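Beneath this line is the structure, given in structure tokens, with notes to follow.
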Amino acid sequence: MSRPALPDDTELSHRLRSLDLESKVRLLTGENLWRLPAEPRLGLSAVTMSDGPQGVRGTADDPDETGLLAPAPSAVAATWDADLAERLGALFATEARRKGVDVVLAPVVNLQRTPVAGRHFEYFSEDPLLTGTLAAALVRGLQEQGVGACLKHFVANDSETDRTRYRSRLDERTLREVYLAPFEQVLAEATPWSVMAAYSGVDDGNHAAPMTENARLLREVLKEEWGFSGPVVSDWAATRSTVASAVGGLDLVMPGPGGPWGEALVAAVRAGEVDERIVDDKVLRLLRLARHTGRLGEPGQNAPAPLPAPAGPGEEDFRVLREVAARGTVMLRNAADLLPLAPDGIRSVALIGPNAVAPYLQGGGSAFVPAVRTVLFEEGLRAALPEHVRLSVHRGGDARLRPPYLSDTLLADPDTGATGVRADHLDADGNRVGGEVRPSGDWSGYGDFGPATHRVVLRTELTLTEPGTHRLEIGCVGRFRVTVDGEEALSGDDDRGVELILDSTHNHPPLRGIDLEVGPQPRTLTLRIDLTVIDAGGYGRFVTAQLRHTPPGPTPYEEIAEAVAAAQAADVAVVVVGTNEDVESEGWDRTGLDLPGHQNDLVRKVLAANPRAIVVVNAGAPVLLPWADEAPALVWAWLPGQEAGHALADVLLGRTEPSGRLPWTLPARAEDVSVPDARPRDGIVDYRDGVHIGHRAWDRDGLVPAFPFGHGLGWTRWTYESVTVSKSSVSANRPIPAGGDGLNLTVELANTGPRDGREVVQVYLEPPRDGVDRPVRLLAGFTTVQAATSARTTADVHVPARAFRVWDTDKRAWYTPPGRYRLHVGRSSRDLRLTAEVSVEDGRFQPVG
């Protein structure tokens with residue numbers, strides 16, 4: 001369907017003259033949680049946004065809405081394949097159009113500075129080049145289909161602890177060369193239509209401010225130096241000021257209604273504190289976004305007709321997600337070529353582990369997508385294995401830090417006896433104004449009540465029948481009082497509003513436990529939870545309560561013993577260990593790198609019981625694997641999304657090569673990690689590591705990780721035969737877009753293994769050791785190639801001129817230090833097969849030899 005010709009900026013500026021100041025300012029704050037206001041006089045329809053980056057979350061207009069659940073961004077980065085990322089972006093665009101979404105709040109191009117960062121799974125990589133390349137591809141895939149990307153979170157917002165308050169302190173050189181670099185690359189290579197300003201702030205030694213007020217970075221760098229022409233959107237509820245944010249470069253305040261602009265911004269313009277031309281520029285940027293996404297028509301006419309929504313997700317969409325998950329899987333070890341399995345020679349498989357029973361498919365927080373379907377590991381393997389192969393499943397202990405929610409079969413409405421919990425809605429005087437009964441122990445974010453509701457009282461009768469010790473754990477937020485059989489068990493008086501959303505307390509309330517003894521006869525208790533409604537502004541009004549329960553049952557070690565016996569009796573054992581929603585989530589950072597629960601004991605005992613054991617790690621971020629060298633086969637399966645079971649079966653049975661490579665470094669010991677925690681000190685996160693992030697720090701310190709950045713085995717073997725370098729005809733000092741002029745490397749290699757395969761050819765730049773402090777090596781280029789067994793192929797790798805450059809903080813400009821540089825070509829940051837040398841003099845490159 002073709003679109004009519006769109007107006008240029010001159011015509012858009014002319015349209016603005018039809019609006020008074022109040023009308024223009026009204027457009028700059030959200031109409032609700034997801035939508036911006038419409039303005040018929042401008043031909044502007046409401047622009048709708050929604051969360052990413054594991055899919056398109058939707059707008060909650062339909063509470064039963066589901067969607068495609070993709071692998072987490074760290075899994076996408078593990079493919080090292082820009083073409084595949086672009087295909088995924090196009091799929092996200094199709095999904096956005098199904099849901100009436102114009103802008104997806106993705107991709108996240110913050111860096112994995114520390115492995116304990118809570119949103120590590122949402123970030124692509126510890127490396128700025130890998131991050132920028134994959135993110136740019138995903139943006140292209142989105143926007144070529146008419147759906148906008150919102151690049152986030154600008155900038156140095158790389159951890160979660162106190163994320164709304166801390167300042168990232170880093171020198172200007174580090175900021176430019178590392179943390180701004182992926183943003184600059186995506187802007188140059190894909191031109192995203194919007195950018196999100198982070199909750200946190202930056203102190204670069206010259207200027208310190210919250211990001212929503214940071215004129216140095218938003219106005220001077222992002223808009224003026226880089227030429228970004230779209231709107232800068234606040235992270236949700238991040239804007240705390242009127243004048244400072246308006247003049248600092250922020251363009252849109254989300255969510256709404258309300259917030260610090262509106263009438264206050266109008267008054268500031270009238271008082272001369274904010275130039276009205278600044279307001280006009282913000283509206284113009286919004287109109288450009290609307291123009292890109294098809295939400296801008298002729299003034300005074302009906303809203304432009306949206307493009308026809310695609311049919312609901314189907315098998316072709318599922319195949320793309322399955323391919324991303326399988327190809328992003330990283331083969332870390334494969335001793336004696338245990339994988340891929342030959343199913344004809346297998347009679348029984350024992351599927352073992354807490355994540356085998358309950359896979360962790362997506363990280364917690366705003367990225368959460370209710371999946372249209374989920375294929376669990378058991379389901380995928382059962383469908384792929386021949387009928388004669390017996391598959392048994394054994395948990396081997398629970399790894400969750402929080403017990404499961406109370407089963408609805410144990411709960412009864414005290415008024416009627418029906419299954420569930422009764423919610424009474426009370427006004428400020430205590431009068432009942434509504435209510436309902438729901439069969440659930442999870443009342444997180446409950447807001448199904450009218451504006452008159454001041455309190456929600458939950459009542460239920462809990463009947464426990466199984467003899468033994470039961471553990472009841474209750475978690476609430478805000479102002480509340482809990483009684484058990486009329487006796488107060490816990491209470492709270494937290495009067496915060498939106499802050500409970502921003503730090504994820506509403507989804508992860510602290511729990512208070514009660515041990516309950518049950519004898520031969522059932523025991524019934526009456527629970528009453530009195531909750532004051534929390535007003536979270538644009539996030540709405542809600543209450544939160546969680547009722548969780550651990551019944552009597554086998555100990556973790558009894559479960560491990562049962563799993564080990566099954567492993568010993570099976571031909572093959574597949575052990576799936578990893579993290580879960582209590583560990584990896586937006587809102588908090590991890591406190592360590594150990595696998596939760598007793599999973600290390602489980603793995604060691606299974607490895608001792610069966611020499612044909614395959615260990616699968618289901619986690620988005622690094623965890624310590626103290627038994628890694630003992631595992632015959634070890635694969636990293638990430639947070640794989642809805643097609644988890646099919647993707648794992650494809651890998652284990654040889655249908656799809658696990659051609660992934662690590663996008664971060666996997667430590668062998670916690671003490672080797674250069675940034676071990678993410679805690680601010682006195683409100684400051686100090687980036688003392690400077691330009692030495694991730695694998696660069698490992699090389700600087702001469703430490704040996706469990707597996708290095710870029711590592712991955714795949715199904716076959718590769719011989720690197722030769723490398724040649726050709727120089728660009730353009731001076732290295734000429735300002736260029738990211739990925740532009742530089743050097744080209746031609747690498748000849750051969751597949752010398754037993755199977756067809758895919759290889760990621762990586763190039764690392766080693767600068768001269770004299771002069772300014774620089775990384776020992778940095779990733780300077782990469783590409784992906786394929787070859788049949790016994791075949792040769794050629795990899796063409798571009799190394800941009802920017803890889804050689806250093807930021808001069810005195811001159812505030814890029815320069816290329818002279819000297820002799822080495823370009824190392826190989827399979828990972830520690831497996832380097834070929835070397836070429838380049839001399840740089842007067843800003844010009846000259847291959848050596």
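In the structure tokens, each chain is lettered A, B, ... as it comes, each chain's residues begin at 1, and ligands are numbered from 1 in order of appearance.
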Practice task
Find the residues near A:Leu68: any atom within 9 Å, counting only C-alpha atoms, skip ones fewer than 3 places away on the same chain, and give them as a count of residues only.
Solution key: 17
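Within 8 Å of A:Ala791, once only C-alpha atoms are used and residues closer than 3 positions along the same chain are dropped, the contacting residues are Ala750, Asn751, Thr752, Ala787 and Ala788 of chain A.
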Exercise for the section: Between A:Arg41, A:Arg700, A:Arg777, A:Arg285, single out the one closest to A:Ala303, counting only C-alpha atoms. Expected result: A:Arg41
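The gap separating atom CA of A:Asp485 from atom CA of A:Leu426 is 21.4 Å, in Å to one decimal.
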Write out as CSV the residues of stretch 643-751 of chain A that have any atom within 6 Å of an atom of stretch 104-128 of chain A, one row each with the nearest atom pair and its distance in Å to one decimal, counting only C-alpha atoms, sorted by chain and then rising number.
residue,atom,partner,partner_atom,distance
A:Pro663,CA,A:Ser125,CA,5.0
A:Trp664,CA,A:Glu126,CA,5.4
A:Val675,CA,A:Thr114,CA,5.3
A:Gly694,CA,A:Glu126,CA,5.5
Exercise for the section: List every residue of stretch 256-423 of chain A that DSSP, applied to the backbone of this structure, places in strand (DSSP E or B), and write the result as a count of residues only. Expected result: 25
Exercise for the section: Quick one: everything within 7 Å of A:Phe709, counting only C-alpha atoms, minus sequence neighbours fewer than 3 positions away in the same chain. Send it as a list in words. Expected result: Leu662, Pro663, Trp664, Thr665, His695, Ser828 and Ser829 of chain A
Would you export the selected residues with N, CA and C atoms as an mmCIF file, in the first residue's frame, please?
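Output below, filename part_31.cif:
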data_model
loop_
_atom_site.group_PDB
_atom_site.id
_atom_site.type_symbol
_atom_site.label_atom_id
_atom_site.label_comp_id
_atom_site.auth_asym_id
_atom_site.auth_seq_id
_atom_site.Cartn_x
_atom_site.Cartn_y
_atom_site.Cartn_z
ATOM 1 N N LEU A 662 30.206 -16.267 22.245
ATOM 2 C CA LEU A 662 29.921 -15.475 23.446
ATOM 3 C C LEU A 662 30.036 -13.983 23.154
ATOM 4 N N PRO A 663 29.009 -13.192 23.486
ATOM 5 C CA PRO A 663 29.105 -11.739 23.344
ATOM 6 C C PRO A 663 29.656 -11.064 24.594
ATOM 7 N N TRP A 664 30.038 -11.861 25.555
ATOM 8 C CA TRP A 664 30.693 -11.393 26.779
ATOM 9 C C TRP A 664 31.663 -12.468 27.269
ATOM 10 N N THR A 665 32.445 -12.117 28.273
ATOM 11 C CA THR A 665 33.446 -13.026 28.831
ATOM 12 C C THR A 665 32.839 -13.793 30.000
ATOM 13 N N HIS A 695 36.211 -7.896 27.833
ATOM 14 C CA HIS A 695 37.400 -8.653 27.416
ATOM 15 C C HIS A 695 38.650 -7.784 27.406
ATOM 16 N N SER A 828 38.182 -16.078 18.529
ATOM 17 C CA SER A 828 37.753 -15.444 19.772
ATOM 18 C C SER A 828 38.832 -14.448 20.164
ATOM 19 N N SER A 829 38.609 -13.747 21.268
ATOM 20 C CA SER A 829 39.607 -12.775 21.727
ATOM 21 C C SER A 829 40.888 -13.448 22.187
#
Practice task
For A:Val623, work out the shell of residues within 7 Å, counting only C-alpha atoms and skipping chain neighbours fewer than 2 positions away, then give it as a ChimeraX atom specification.
Solution key: /A:593-595,621,625
Excluding stretch 534-546 of chain A and residues on its chain fewer than 6 positions from it, collect all residues at most 6 Å away from it, counting only C-alpha atoms, and give them as a PDB file with N, CA, C and O atoms, in the first residue's frame.
ATOM      1  N   LEU A  33      -0.365   6.037  29.537  1.00  0.00           N
ATOM      2  CA  LEU A  33       0.879   5.294  29.754  1.00  0.00           C
ATOM      3  C   LEU A  33       1.660   5.087  28.464  1.00  0.00           C
ATOM      4  O   LEU A  33       2.894   5.067  28.473  1.00  0.00           O
ATOM      5  N   PRO A 255       5.278   8.782  31.373  1.00  0.00           N
ATOM      6  CA  PRO A 255       3.954   8.749  30.758  1.00  0.00           C
ATOM      7  C   PRO A 255       3.142   9.958  31.190  1.00  0.00           C
ATOM      8  O   PRO A 255       3.647  10.828  31.902  1.00  0.00           O
ATOM      9  N   GLY A 256       1.906  10.017  30.796  1.00  0.00           N
ATOM     10  CA  GLY A 256       0.991  11.046  31.215  1.00  0.00           C
ATOM     11  C   GLY A 256      -0.321  10.388  31.627  1.00  0.00           C
ATOM     12  O   GLY A 256      -0.430   9.163  31.640  1.00  0.00           O
ATOM     13  N   GLY A 441      -3.297 -16.632  44.191  1.00  0.00           N
ATOM     14  CA  GLY A 441      -2.536 -16.079  45.298  1.00  0.00           C
ATOM     15  C   GLY A 441      -1.674 -14.908  44.881  1.00  0.00           C
ATOM     16  O   GLY A 441      -0.941 -14.341  45.690  1.00  0.00           O
ATOM     17  N   ASP A 442      -1.750 -14.546  43.583  1.00  0.00           N
ATOM     18  CA  ASP A 442      -0.943 -13.444  43.048  1.00  0.00           C
ATOM     19  C   ASP A 442      -1.844 -12.248  42.778  1.00  0.00           C
ATOM     20  O   ASP A 442      -2.636 -12.244  41.821  1.00  0.00           O
ATOM     21  N   TRP A 443      -1.684 -11.203  43.605  1.00  0.00           N
ATOM     22  CA  TRP A 443      -2.430  -9.961  43.434  1.00  0.00           C
ATOM     23  C   TRP A 443      -1.448  -8.814  43.181  1.00  0.00           C
ATOM     24  O   TRP A 443      -1.616  -7.697  43.643  1.00  0.00           O
ATOM     25  N   SER A 444      -0.414  -9.107  42.403  1.00  0.00           N
ATOM     26  CA  SER A 444       0.580  -8.084  42.071  1.00  0.00           C
ATOM     27  C   SER A 444      -0.018  -7.090  41.083  1.00  0.00           C
ATOM     28  O   SER A 444      -0.562  -7.472  40.051  1.00  0.00           O
ATOM     29  N   GLY A 445       0.107  -5.811  41.392  1.00  0.00           N
ATOM     30  CA  GLY A 445      -0.361  -4.782  40.472  1.00  0.00           C
ATOM     31  C   GLY A 445      -1.853  -4.838  40.214  1.00  0.00           C
ATOM     32  O   GLY A 445      -2.313  -4.465  39.126  1.00  0.00           O
ATOM     33  N   TYR A 446      -2.642  -5.254  41.191  1.00  0.00           N
ATOM     34  CA  TYR A 446      -4.092  -5.340  41.021  1.00  0.00           C
ATOM     35  C   TYR A 446      -4.682  -3.932  40.972  1.00  0.00           C
ATOM     36  O   TYR A 446      -4.487  -3.126  41.889  1.00  0.00           O
ATOM     37  N   GLY A 447      -5.400  -3.631  39.879  1.00  0.00           N
ATOM     38  CA  GLY A 447      -5.985  -2.300  39.730  1.00  0.00           C
ATOM     39  C   GLY A 447      -7.363  -2.327  39.125  1.00  0.00           C
ATOM     40  O   GLY A 447      -7.817  -1.310  38.581  1.00  0.00           O
ATOM     41  N   ILE A 474       4.234 -14.075  52.754  1.00  0.00           N
ATOM     42  CA  ILE A 474       3.341 -13.010  52.291  1.00  0.00           C
ATOM     43  C   ILE A 474       4.173 -11.782  51.979  1.00  0.00           C
ATOM     44  O   ILE A 474       5.047 -11.383  52.755  1.00  0.00           O
ATOM     45  N   GLY A 475       3.906 -11.168  50.817  1.00  0.00           N
ATOM     46  CA  GLY A 475       4.602  -9.951  50.434  1.00  0.00           C
ATOM     47  C   GLY A 475       3.614  -8.893  49.979  1.00  0.00           C
ATOM     48  O   GLY A 475       2.740  -9.161  49.157  1.00  0.00           O
ATOM     49  N   CYS A 476       3.741  -7.697  50.512  1.00  0.00           N
ATOM     50  CA  CYS A 476       2.877  -6.579  50.142  1.00  0.00           C
ATOM     51  C   CYS A 476       3.730  -5.323  49.999  1.00  0.00           C
ATOM     52  O   CYS A 476       4.863  -5.265  50.489  1.00  0.00           O
ATOM     53  N   VAL A 477       3.183  -4.311  49.331  1.00  0.00           N
ATOM     54  CA  VAL A 477       3.874  -3.030  49.233  1.00  0.00           C
ATOM     55  C   VAL A 477       2.906  -1.919  49.617  1.00  0.00           C
ATOM     56  O   VAL A 477       1.687  -2.096  49.614  1.00  0.00           O
ATOM     57  N   GLY A 497       4.856   6.358  45.708  1.00  0.00           N
ATOM     58  CA  GLY A 497       3.949   6.087  44.600  1.00  0.00           C
ATOM     59  C   GLY A 497       4.684   5.466  43.440  1.00  0.00           C
ATOM     60  O   GLY A 497       4.967   4.273  43.415  1.00  0.00           O
ATOM     61  N   VAL A 498       5.033   6.289  42.455  1.00  0.00           N
ATOM     62  CA  VAL A 498       5.665   5.778  41.244  1.00  0.00           C
ATOM     63  C   VAL A 498       7.008   5.122  41.538  1.00  0.00           C
ATOM     64  O   VAL A 498       7.454   4.239  40.803  1.00  0.00           O
TER      65      VAL A 498
END
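The closest residue to A:His14, picked from A:Leu42, A:Ala813, A:Ala836, A:Ala188 and counting only C-alpha atoms, is A:Leu42.
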Practice task
Find the spatial neighbours of A:Pro768, counting only C-alpha atoms, within a cut-off of 7 Å - ignore same-chain residues fewer than 5 positions away - and output them as a ChimeraX atom specification.
Solution key: /A:819-821
Exercise for the section: Identify, on the basis of only C-alpha atoms, every residue whose closest approach to A:Pro231 does not exceed 8 Å; exclude the query and any residue fewer than 2 positions from it along the same chain; express the result as a VMD selection string. Expected result: chain A and resid 193 to 195 229 233 250 to 252 282 285 to 286 289
Take the residues from that selection and put them in a file with C-alpha atoms, as an mmCIF file, in the first residue's frame.
data_model
loop_
_atom_site.group_PDB
_atom_site.id
_atom_site.type_symbol
_atom_site.label_atom_id
_atom_site.label_comp_id
_atom_site.auth_asym_id
_atom_site.auth_seq_id
_atom_site.Cartn_x
_atom_site.Cartn_y
_atom_site.Cartn_z
ATOM 1 C CA TRP A 193 13.513 7.856 14.858
ATOM 2 C CA SER A 194 13.617 8.417 18.638
ATOM 3 C CA VAL A 195 15.989 8.126 21.590
ATOM 4 C CA SER A 229 16.472 15.109 14.341
ATOM 5 C CA VAL A 233 11.732 10.700 25.110
ATOM 6 C CA LEU A 250 14.289 16.530 26.457
ATOM 7 C CA ASP A 251 11.368 16.616 24.017
ATOM 8 C CA LEU A 252 8.652 14.279 25.302
ATOM 9 C CA LYS A 282 10.110 19.771 20.327
ATOM 10 C CA ARG A 285 10.569 16.581 16.309
ATOM 11 C CA LEU A 286 7.329 14.866 17.331
ATOM 12 C CA LEU A 289 8.308 10.902 14.264
#
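Minimum atom-to-atom distances from A:Ala181, A:Ala350, A:Ala399, A:Ala670 to A:Arg612 were compared using only C-alpha atoms, and the lowest value belongs to A:Ala350.
If you measure from each of A:Asp235, A:Asp427, A:Asp171, A:Asp8 to A:Trp34 using only C-alpha atoms, the closest one turns out to be A:Asp235.
Between A:Val651 and the candidates A:Pro403, A:Pro257, A:Gly714, A:Pro299, the tightest atom-to-atom separation, counting only C-alpha atoms, involves A:Gly714.
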Practice task
Enumerate the residues of stretch 264-428 of chain A with a DSSP assignment of alpha helix (DSSP H), computed from the backbone, and present them as a ChimeraX atom specification.
Solution key: /A:264-270,276-292,315-328,354-357,377-384
Atoms kept (N, CA and C atoms) for selection, written as a short mmCIF file (atom, residue, chain, number, x, y, z; two decimals), in the first residue's frame:
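What landed in selection.cif:
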data_model
loop_
_atom_site.label_atom_id
_atom_site.label_comp_id
_atom_site.auth_asym_id
_atom_site.auth_seq_id
_atom_site.Cartn_x
_atom_site.Cartn_y
_atom_site.Cartn_z
N ALA A 264 2.98 24.17 33.97
CA ALA A 264 4.24 24.71 34.50
C ALA A 264 5.17 25.15 33.36
N LEU A 265 5.21 24.39 32.26
CA LEU A 265 6.05 24.77 31.13
C LEU A 265 5.48 25.99 30.42
N VAL A 266 4.15 26.07 30.30
CA VAL A 266 3.53 27.26 29.72
C VAL A 266 3.92 28.49 30.53
N ALA A 267 3.84 28.38 31.85
CA ALA A 267 4.19 29.51 32.71
C ALA A 267 5.66 29.87 32.56
N ALA A 268 6.52 28.87 32.41
CA ALA A 268 7.95 29.16 32.26
C ALA A 268 8.22 29.89 30.95
N VAL A 269 7.50 29.56 29.89
CA VAL A 269 7.67 30.28 28.63
C VAL A 269 7.18 31.71 28.79
N ARG A 270 6.02 31.89 29.42
CA ARG A 270 5.49 33.22 29.63
C ARG A 270 6.44 34.09 30.46
N GLU A 276 10.09 30.10 23.50
CA GLU A 276 9.04 29.36 22.81
C GLU A 276 9.57 28.62 21.60
N ARG A 277 10.68 29.09 21.03
CA ARG A 277 11.25 28.37 19.90
C ARG A 277 11.72 26.98 20.31
N ILE A 278 12.10 26.81 21.59
CA ILE A 278 12.47 25.48 22.09
C ILE A 278 11.25 24.56 22.07
N VAL A 279 10.11 25.09 22.46
CA VAL A 279 8.88 24.31 22.41
C VAL A 279 8.54 23.94 20.97
N ASP A 280 8.68 24.90 20.06
CA ASP A 280 8.41 24.62 18.65
C ASP A 280 9.30 23.51 18.11
N ASP A 281 10.57 23.53 18.50
CA ASP A 281 11.49 22.49 18.04
C ASP A 281 11.05 21.12 18.55
N LYS A 282 10.56 21.05 19.78
CA LYS A 282 10.11 19.77 20.33
C LYS A 282 8.90 19.25 19.55
N VAL A 283 7.95 20.12 19.25
CA VAL A 283 6.78 19.69 18.50
C VAL A 283 7.19 19.26 17.09
N LEU A 284 8.11 19.98 16.48
CA LEU A 284 8.59 19.61 15.15
C LEU A 284 9.21 18.21 15.16
N ARG A 285 9.98 17.91 16.20
CA ARG A 285 10.57 16.58 16.31
C ARG A 285 9.50 15.51 16.45
N LEU A 286 8.45 15.80 17.21
CA LEU A 286 7.33 14.87 17.33
C LEU A 286 6.66 14.65 15.97
N LEU A 287 6.47 15.73 15.23
CA LEU A 287 5.83 15.61 13.92
C LEU A 287 6.68 14.78 12.96
N ARG A 288 7.99 14.91 13.06
CA ARG A 288 8.85 14.06 12.22
C ARG A 288 8.64 12.58 12.56
N LEU A 289 8.56 12.28 13.85
CA LEU A 289 8.31 10.90 14.26
C LEU A 289 6.97 10.42 13.73
N ALA A 290 5.95 11.25 13.86
CA ALA A 290 4.62 10.88 13.36
C ALA A 290 4.65 10.69 11.84
N ARG A 291 5.41 11.52 11.15
CA ARG A 291 5.52 11.41 9.70
C ARG A 291 6.15 10.07 9.32
N HIS A 292 7.23 9.70 10.00
CA HIS A 292 7.89 8.43 9.71
C HIS A 292 6.96 7.24 9.92
N GLU A 315 3.17 -19.94 12.04
CA GLU A 315 4.32 -20.83 11.99
C GLU A 315 5.56 -20.18 11.39
N GLU A 316 5.40 -19.32 10.39
CA GLU A 316 6.57 -18.68 9.80
C GLU A 316 7.26 -17.78 10.82
N ASP A 317 6.48 -17.05 11.61
CA ASP A 317 7.05 -16.23 12.67
C ASP A 317 7.77 -17.11 13.70
N PHE A 318 7.16 -18.21 14.04
CA PHE A 318 7.76 -19.10 15.03
C PHE A 318 9.09 -19.66 14.52
N ARG A 319 9.16 -19.92 13.20
CA ARG A 319 10.40 -20.45 12.63
C ARG A 319 11.55 -19.45 12.76
N VAL A 320 11.25 -18.17 12.59
CA VAL A 320 12.30 -17.16 12.74
C VAL A 320 12.82 -17.14 14.18
N LEU A 321 11.91 -17.16 15.15
CA LEU A 321 12.33 -17.15 16.56
C LEU A 321 13.11 -18.42 16.90
N ARG A 322 12.70 -19.52 16.33
CA ARG A 322 13.39 -20.80 16.57
C ARG A 322 14.80 -20.75 15.99
N GLU A 323 14.94 -20.15 14.82
CA GLU A 323 16.26 -20.05 14.19
C GLU A 323 17.19 -19.16 15.01
N VAL A 324 16.67 -18.02 15.49
CA VAL A 324 17.51 -17.12 16.29
C VAL A 324 17.98 -17.83 17.55
N ALA A 325 17.04 -18.53 18.22
CA ALA A 325 17.41 -19.21 19.47
C ALA A 325 18.43 -20.31 19.24
N ALA A 326 18.26 -21.09 18.18
CA ALA A 326 19.19 -22.20 17.91
C ALA A 326 20.55 -21.68 17.47
N ARG A 327 20.56 -20.72 16.55
CA ARG A 327 21.83 -20.23 16.04
C ARG A 327 22.58 -19.40 17.07
N GLY A 328 21.87 -18.80 18.02
CA GLY A 328 22.55 -18.06 19.08
C GLY A 328 23.10 -18.95 20.18
N PRO A 354 16.23 -27.95 37.53
CA PRO A 354 15.10 -27.04 37.79
C PRO A 354 14.66 -26.28 36.55
N ASN A 355 15.61 -25.92 35.69
CA ASN A 355 15.23 -25.20 34.47
C ASN A 355 14.78 -26.13 33.37
N ALA A 356 14.99 -27.44 33.54
CA ALA A 356 14.39 -28.39 32.61
C ALA A 356 12.89 -28.46 32.83
N VAL A 357 12.48 -28.34 34.08
CA VAL A 357 11.06 -28.40 34.43
C VAL A 357 10.38 -27.05 34.20
N PHE A 377 11.27 -27.25 27.18
CA PHE A 377 12.34 -28.16 26.78
C PHE A 377 11.83 -29.59 26.64
N GLU A 378 11.02 -30.02 27.58
CA GLU A 378 10.48 -31.39 27.51
C GLU A 378 9.64 -31.56 26.25
N GLU A 379 8.79 -30.58 25.96
CA GLU A 379 7.92 -30.68 24.79
C GLU A 379 8.72 -30.72 23.49
N GLY A 380 9.75 -29.86 23.40
CA GLY A 380 10.57 -29.84 22.19
C GLY A 380 11.33 -31.13 21.98
N LEU A 381 11.92 -31.67 23.03
CA LEU A 381 12.67 -32.93 22.90
C LEU A 381 11.74 -34.09 22.60
N ARG A 382 10.58 -34.12 23.25
CA ARG A 382 9.65 -35.23 23.01
C ARG A 382 9.20 -35.25 21.55
N ALA A 383 8.98 -34.05 20.98
CA ALA A 383 8.54 -33.97 19.59
C ALA A 383 9.65 -34.38 18.62
N ALA A 384 10.91 -34.16 19.00
CA ALA A 384 12.02 -34.41 18.08
C ALA A 384 12.58 -35.82 18.18
#
Handout entry: Separation of atom CA of A:Leu607 from atom CA of A:Ala336 in Å
Key = 14.8 Å
Exercise for the section: Between A:His454, A:Arg163, A:Arg688, A:His394, single out the one closest to A:Pro556, counting only C-alpha atoms. Expected result: A:His394
